[in-house]
>>> print(open('query-v4.txt').read())   # compact mmCIF, C-alpha atoms
# COMPACT_ATOMS: atom_id res chain seq x y z
CA MET A 1 9.82 -10.54 -12.06
CA THR A 2 10.33 -8.76 -15.37
CA ALA A 3 9.17 -5.28 -16.20
CA GLN A 4 7.02 -6.69 -19.05
CA GLU A 5 4.72 -8.68 -16.77
CA GLN A 6 1.27 -7.17 -16.34
CA MET A 7 0.40 -6.59 -12.70
CA ALA A 8 -2.79 -8.34 -11.59
CA PHE A 9 -5.18 -7.00 -8.98
CA ASP A 10 -4.32 -9.95 -6.70
CA GLU A 11 -0.67 -8.86 -6.75
CA LEU A 12 -1.63 -5.27 -5.90
CA SER A 13 -3.81 -6.48 -3.02
CA ALA A 14 -0.97 -8.62 -1.67
CA ILE A 15 1.43 -5.64 -1.71
CA TYR A 16 -1.15 -3.50 0.10
CA ARG A 17 -1.71 -6.10 2.83
CA THR A 18 2.04 -6.48 3.35
CA GLU A 19 2.60 -2.73 3.61
CA MET A 20 -0.27 -2.40 6.07
CA ARG A 21 1.00 -5.19 8.34
CA SER A 22 4.59 -4.02 8.55
CA GLN A 23 6.34 -0.82 9.58
CA MET A 24 9.17 -1.78 7.22
CA LEU A 25 9.19 -1.44 3.46
CA SER A 26 8.34 -4.61 1.59
CA ASP A 27 10.45 -5.79 -1.32
CA VAL A 28 8.49 -4.97 -4.48
CA ARG A 29 9.05 -5.23 -8.20
CA ARG A 30 11.42 -2.61 -9.60
CA ASP A 31 8.79 -1.35 -12.07
CA LEU A 32 6.13 -0.91 -9.38
CA TYR A 33 4.96 2.56 -10.45
CA SER A 34 4.73 1.88 -14.17
CA ALA A 35 2.98 -1.44 -13.36
CA LEU A 36 0.42 0.39 -11.19
CA LYS A 37 -0.23 2.84 -14.01
CA GLN A 38 -0.63 0.05 -16.57
CA LEU A 39 -3.01 -1.88 -14.30
CA GLN A 40 -5.25 1.15 -13.82
CA GLU A 41 -5.24 1.90 -17.54
CA SER A 42 -6.10 -1.72 -18.35
CA VAL A 43 -9.07 -1.80 -15.97
CA ARG A 44 -10.27 1.60 -17.18
CA LYS A 45 -10.19 0.52 -20.84
CA GLU A 46 -12.03 -2.71 -20.00
CA TYR A 47 -14.69 -0.73 -18.15
CA GLU A 48 -15.07 1.83 -20.95
CA ALA A 49 -15.45 -0.93 -23.54
CA GLU A 50 -18.24 -2.57 -21.54
CA LEU A 51 -19.82 0.84 -20.85
CA SER A 52 -20.10 1.53 -24.57
CA LYS A 53 -21.76 -1.87 -25.16
CA ASP A 54 -24.21 -2.05 -22.27
CA PRO A 55 -24.01 0.54 -19.48
CA ASP A 56 -26.74 -1.23 -17.48
CA SER A 57 -25.09 -4.66 -17.49
CA ILE A 58 -23.85 -6.50 -14.43
CA MET A 59 -20.44 -6.72 -16.09
CA CYS A 60 -20.31 -2.93 -16.43
CA GLU A 61 -21.28 -2.47 -12.78
CA GLY A 62 -18.60 -4.92 -11.66
CA LEU A 63 -15.89 -3.29 -13.75
CA SER A 64 -16.89 0.13 -12.43
CA GLU A 65 -16.41 -1.04 -8.85
CA ARG A 66 -13.14 -2.78 -9.74
CA ARG A 67 -11.81 0.38 -11.42
CA LYS A 68 -12.50 2.37 -8.23
CA LYS A 69 -10.96 -0.28 -5.99
CA VAL A 70 -7.80 -0.59 -8.08
CA ALA A 71 -7.31 3.19 -8.02
CA PHE A 72 -7.94 3.36 -4.25
CA THR A 73 -5.58 0.48 -3.45
CA ALA A 74 -2.83 1.81 -5.71
CA GLN A 75 -2.93 5.19 -3.96
CA LYS A 76 -2.89 3.54 -0.54
CA VAL A 77 0.20 1.51 -1.47
CA ILE A 78 1.99 4.62 -2.75
CA GLY A 79 1.01 6.60 0.35
CA LEU A 80 2.16 3.91 2.77
CA ARG A 81 5.51 3.56 1.05
CA MET A 82 6.02 7.34 0.84
CA GLU A 83 5.36 7.67 4.57
CA LYS A 84 7.96 5.02 5.39
CA ILE A 85 10.51 6.45 2.94
CA ALA A 86 10.05 9.99 4.29
CA LYS A 87 10.77 8.77 7.82
CA MET A 88 13.89 7.02 6.58
CA ALA A 89 14.99 10.22 4.83
CA LEU A 90 14.45 12.29 7.98
CA ARG A 91 16.68 9.90 9.93
CA ALA A 92 19.25 10.10 7.15
CA SER A 93 19.32 13.88 7.61
CA MET A 94 20.35 13.22 11.24
CA GLY A 95 23.23 10.99 10.15
CA ALA A 96 21.47 7.63 10.00
CA ASP A 97 22.83 4.98 7.63
CA ASN A 98 19.72 3.45 6.05
CA ALA A 99 19.49 0.41 3.82
CA VAL A 100 17.88 1.57 0.57
CA ASP A 101 18.00 -1.65 -1.46
CA LYS A 102 14.20 -2.04 -1.34
CA LEU A 103 13.56 1.33 -2.97
CA THR A 104 12.52 1.52 -6.61
CA PRO A 105 14.35 4.07 -8.79
CA GLU A 106 11.49 6.55 -8.33
CA GLU A 107 11.51 6.02 -4.57
CA ARG A 108 15.29 6.40 -4.38
CA GLU A 109 14.97 9.82 -6.04
CA TYR A 110 12.21 10.78 -3.56
CA TYR A 111 14.29 9.54 -0.61
CA GLU A 112 17.35 11.53 -1.65
CA SER A 113 15.35 14.71 -2.24
CA VAL A 114 13.64 14.53 1.17
CA ALA A 115 16.93 13.71 2.92
CA SER A 116 18.67 16.61 1.19
CA ALA A 117 15.89 19.11 1.93
CA SER A 118 15.69 17.93 5.54
CA GLY A 119 19.43 18.28 5.98
CA LYS A 120 19.37 21.83 4.63
CA LEU A 121 16.50 22.78 6.93
CA ARG A 122 18.27 21.34 9.97
CA GLY A 123 21.45 23.16 8.95
CA THR A 124 19.73 26.55 9.11
CA ALA A 125 19.52 26.29 12.90
CA LYS A 126 22.77 24.41 13.59
CA ASP A 127 25.27 25.99 15.95
CA ALA A 128 28.31 26.97 13.87
CA LYS A 129 30.88 25.89 16.46
CA LYS A 130 29.12 22.62 17.15
CA GLY A 131 28.85 21.91 13.43
CA ALA A 132 32.55 22.62 12.90
CA LYS A 133 33.46 20.24 15.70
CA GLN A 134 31.30 17.47 14.23
CA ASP A 135 32.92 17.88 10.83
CA LEU A 136 36.25 16.89 12.43
CA LEU A 137 34.91 13.57 13.74
CA PRO A 138 36.32 10.47 12.01
CA ASP A 139 33.97 8.60 9.66
CA ASP A 140 34.37 5.43 11.73
CA GLY A 141 33.42 7.16 15.00
CA MET A 142 31.28 5.52 17.66
CA ARG A 143 27.81 4.76 16.39
CA ALA A 144 24.58 3.88 18.22
CA ARG A 145 21.80 1.70 16.95
CA ILE A 146 18.37 3.32 17.04
CA VAL A 147 14.94 2.03 16.20
CA ALA A 148 12.26 4.31 14.74
CA ASP A 149 9.03 2.71 13.54
CA ASP A 150 10.86 -0.62 13.81
CA VAL A 151 13.45 0.39 11.21
CA ILE A 152 17.00 -0.07 12.47
CA SER A 153 19.42 2.76 11.72
CA TYR A 154 22.86 3.75 12.95
CA VAL A 155 23.88 7.26 13.92
CA GLN A 156 27.03 8.78 15.33
CA GLU A 157 27.02 9.34 19.07
CA ASP A 158 27.45 13.10 18.72
CA VAL A 159 24.02 13.52 17.12
CA MET A 160 22.15 11.47 19.74
CA ASN A 161 20.85 14.67 21.33
CA ASP A 162 19.14 15.55 18.05
CA ILE A 163 17.12 12.33 17.97
CA PRO A 164 13.42 12.81 18.85
CA ASP A 165 12.22 11.48 22.19
CA ASP A 166 9.86 8.98 20.58
CA VAL A 167 12.74 7.15 18.86
CA VAL A 168 13.87 4.06 20.73
CA VAL A 169 17.60 3.60 21.32
CA ALA A 170 18.32 -0.12 21.25
CA GLU A 171 21.24 -1.98 22.77
CA GLU A 172 23.34 -4.11 20.45
CA GLY A 173 21.77 -7.54 20.06
CA GLU A 174 18.38 -6.46 21.43
CA GLU A 175 15.48 -8.08 19.61
CA ILE A 176 13.22 -5.69 17.72
CA ILE A 177 9.55 -6.68 17.88
CA GLU A 178 7.68 -5.51 14.82
CA ARG A 179 4.28 -3.99 15.56
CA PRO A 180 1.51 -4.55 13.01
CA ARG A 181 -0.10 -1.52 11.44
CA ARG A 182 -3.81 -0.98 11.93
CA ASP A 183 -5.71 -1.42 8.69
CA THR A 184 -7.30 1.92 7.86
CA GLU A 185 -9.04 0.83 4.66
CA PRO A 186 -12.79 1.41 5.02
CA LYS A 187 -14.61 -1.89 5.44
CA GLU A 188 -17.21 -2.66 2.77
CA GLU A 189 -20.68 -3.58 3.97
CA MET A 190 -21.49 -7.14 2.91
CA VAL A 191 -24.81 -8.84 2.22
CA VAL A 192 -25.85 -12.46 1.65
CA ILE A 193 -27.92 -13.05 -1.47
CA ARG A 194 -29.56 -15.96 -3.29
CA ILE A 195 -29.09 -16.18 -7.05
CA LEU A 196 -32.33 -16.53 -9.07
CA GLU A 197 -30.83 -17.60 -12.43
CA ASP A 198 -27.55 -18.77 -13.95
CA ILE A 199 -25.24 -15.82 -14.56
CA PRO A 200 -22.23 -16.02 -16.91
CA ARG A 201 -18.81 -15.11 -15.52
CA PHE A 202 -18.53 -11.39 -14.79
CA ALA A 203 -16.05 -9.05 -13.12
CA GLY A 204 -16.65 -8.01 -9.53
CA PRO A 205 -14.85 -5.34 -7.49
CA ASP A 206 -12.04 -7.65 -6.41
CA ARG A 207 -12.65 -10.98 -8.19
CA ASP A 208 -14.59 -12.63 -10.99
CA TYR A 209 -17.89 -14.35 -10.24
CA VAL A 210 -19.51 -17.42 -11.79
CA LEU A 211 -22.96 -17.82 -10.20
CA LYS A 212 -25.59 -20.50 -10.70
CA LYS A 213 -29.29 -20.51 -9.86
CA GLU A 214 -29.92 -21.08 -6.13
CA ASP A 215 -26.30 -20.29 -5.21
CA ILE A 216 -25.91 -18.49 -1.89
CA THR A 217 -23.09 -15.95 -1.87
CA ARG A 218 -21.81 -12.97 0.09
CA MET A 219 -20.67 -9.79 -1.66
CA PRO A 220 -20.41 -6.02 -1.14
CA THR A 221 -23.83 -4.43 -0.64
CA ALA A 222 -23.32 -1.82 -3.36
CA PHE A 223 -22.47 -4.50 -5.91
CA ALA A 224 -25.17 -6.95 -4.79
CA GLY A 225 -27.66 -4.13 -5.36
CA ALA A 226 -26.98 -4.31 -9.09
CA LEU A 227 -27.94 -8.00 -9.17
CA ILE A 228 -31.06 -7.32 -7.12
CA LYS A 229 -31.98 -4.36 -9.35
CA HIS A 230 -31.82 -6.62 -12.42
CA GLU A 231 -33.94 -9.26 -10.59
CA LYS A 232 -31.11 -11.78 -10.69
CA ALA A 233 -30.83 -12.14 -6.92
CA VAL A 234 -32.68 -11.53 -3.65
CA VAL A 235 -31.35 -10.66 -0.23
CA LEU A 236 -31.40 -13.41 2.39
CA ASP A 237 -32.30 -12.38 5.91
CA ILE A 238 -29.73 -14.34 7.89
CA LYS A 239 -30.56 -14.49 11.57
CA PRO A 240 -27.67 -15.00 14.06
>>> encode(input="query-v4.txt", output="C-alpha cells")
Amino acid sequence: MTAQEQMAFDELSAIYRTEMRSQMLSDVRRDLYSALKQLQESVRKEYEAELSKDPDSIMCEGLSERRKKVAFTAQKVIGLRMEKIAKMALRASMGADNAVDKLTPEEREYYESVASASGKLRGTAKDAKKGAKQDLLPDDGMRARIVADDVISYVQEDVMNDIPDDVVVAEEGEEIIERPRRDTEPKEEMVVIRILEDIPRFAGPDRDYVLKKEDITRMPTAFAGALIKHEKAVVLDIKP
C-alpha cells in the first residue's frame, strides 16, 4: 500500500477490530499516522461543507456522527498500539530481544524512547556489583523464552529474577495460545425504523445509506432520531 492512498473508514475499522482481538501488534501501513490525520481532515471538511449549505439536513447529521466516530476510532487504534509498544519497550529494558518490524517510523521512535527511559530508571536502583558482573556475560549467553501478553521475547538467564511474576516463562516449543481482547468500545443503542419516503444517498456514522419508502432498517438511535425529527421515518415497535 502506497503512502498516497487515502485511508477509508472501512480500513480504519478493520485495523481497530484487529488490534482489539489480538494482544500482538497488527501489521499496518507505514504511513498509518499521516493517513489517520488525512482521513479525519477529509471527513471534517466534508462535514463543514454540508454544514454551511444546510445544517438541518440528514446529510449534515450523518457526517457529524461520522466525524465523531472516525476521531474516536483513530484514538482507540493509537491507544491500543501505544499500550502494546510500551509493554514491548519495558521488556526491552530488561534485556528482551523484541521484533520491531511491525512498528511504523513514529512508533519505532516511541519504542526506543520508552525503552531508553525505562532502562535508565531501572539502572538507578541496580546493584553496582551485580551490574558489573552482568556486563561481563557473553552476548551469546543462555537465553530463556518468556511470554508477556502473548508476545514472545528472549532474555538472558541472569535477568530472570527481574521479570515480573505475571510474565509467563515458556518452555522451548510450547504452543502460545493467543487470548482475545475484550472490546471496550461503547455499544451504540440501535432502533428499527420504517422509512416514509424515498431518501437520496446520504452519509451515516459508519456507512452510506440509500433508503426507499417502506424500507425497514436498523440504525443507531441518535442518528435515527434525525430521520424521525424530519418526518422521514417512524420507529417500529418490534416485539420479541
>>> residues_around(input="query-v4.txt", residues="stretch 43-51 of chain A", least_positions_apart="5", cutoff="12 Å", atoms="all atoms listed in the file", output="PyMOL selection string")
chain A and resi 6-9+36-38+56-71+202-206
>>> atom_distance(input="query-v4.txt", atom1="atom CA of A:Leu12", atom2="atom CA of A:Thr217")
24.3 Å
>>> atom_distance(input="query-v4.txt", atom1="atom CA of A:Val77", atom2="atom CA of A:Asp208")
22.6 Å
>>> residues_near_point(input="query-v4.txt", point="(-31.1, -16.0, 4.2)", cutoff="10 Å", atoms="all atoms listed in the file", output="PyMOL selection string")
chain A and resi 191-194+216+234-239
>>> write_last_selection(input="query-v4.txt", atoms="C-alpha atoms", output="PDB file, in the coordinates of the input")
ATOM      1  CA  VAL A 191     -24.810  -8.840   2.220  1.00  0.00           C
ATOM      2  CA  VAL A 192     -25.850 -12.460   1.650  1.00  0.00           C
ATOM      3  CA  ILE A 193     -27.920 -13.050  -1.470  1.00  0.00           C
ATOM      4  CA  ARG A 194     -29.560 -15.960  -3.290  1.00  0.00           C
ATOM      5  CA  ILE A 216     -25.910 -18.490  -1.890  1.00  0.00           C
ATOM      6  CA  VAL A 234     -32.680 -11.530  -3.650  1.00  0.00           C
ATOM      7  CA  VAL A 235     -31.350 -10.660  -0.230  1.00  0.00           C
ATOM      8  CA  LEU A 236     -31.400 -13.410   2.390  1.00  0.00           C
ATOM      9  CA  ASP A 237     -32.300 -12.380   5.910  1.00  0.00           C
ATOM     10  CA  ILE A 238     -29.730 -14.340   7.890  1.00  0.00           C
ATOM     11  CA  LYS A 239     -30.560 -14.490  11.570  1.00  0.00           C
TER      12      LYS A 239
END
>>> closest_residue(input="query-v4.txt", among="A:Glu11, A:Asp198, A:Glu109, A:Glu5", to="A:Met82", atoms="all atoms listed in the file")
A:Glu109
>>> closest_residue(input="query-v4.txt", among="A:Arg207, A:Arg91, A:Lys229, A:Lys213", to="A:Arg122", atoms="all atoms listed in the file")
A:Arg91
>>> axis_aligned_box(input="query-v4.txt", around="stretch 46-49 of chain A", padding_each_side="5 Å", output="lines of an AutoDock Vina configuration file")
center_x = -13.7
center_y = -0.4
center_z = -20.8
size_x = 13.4
size_y = 14.5
size_z = 15.4
>>> atom_distance(input="query-v4.txt", atom1="atom CA of A:Ser116", atom2="atom CA of A:Ser22")
26.0 Å
>>> closest_residue(input="query-v4.txt", among="A:Ala125, A:Gln75, A:Asn98, A:Val210", to="A:Leu25", atoms="all atoms listed in the file")
A:Asn98
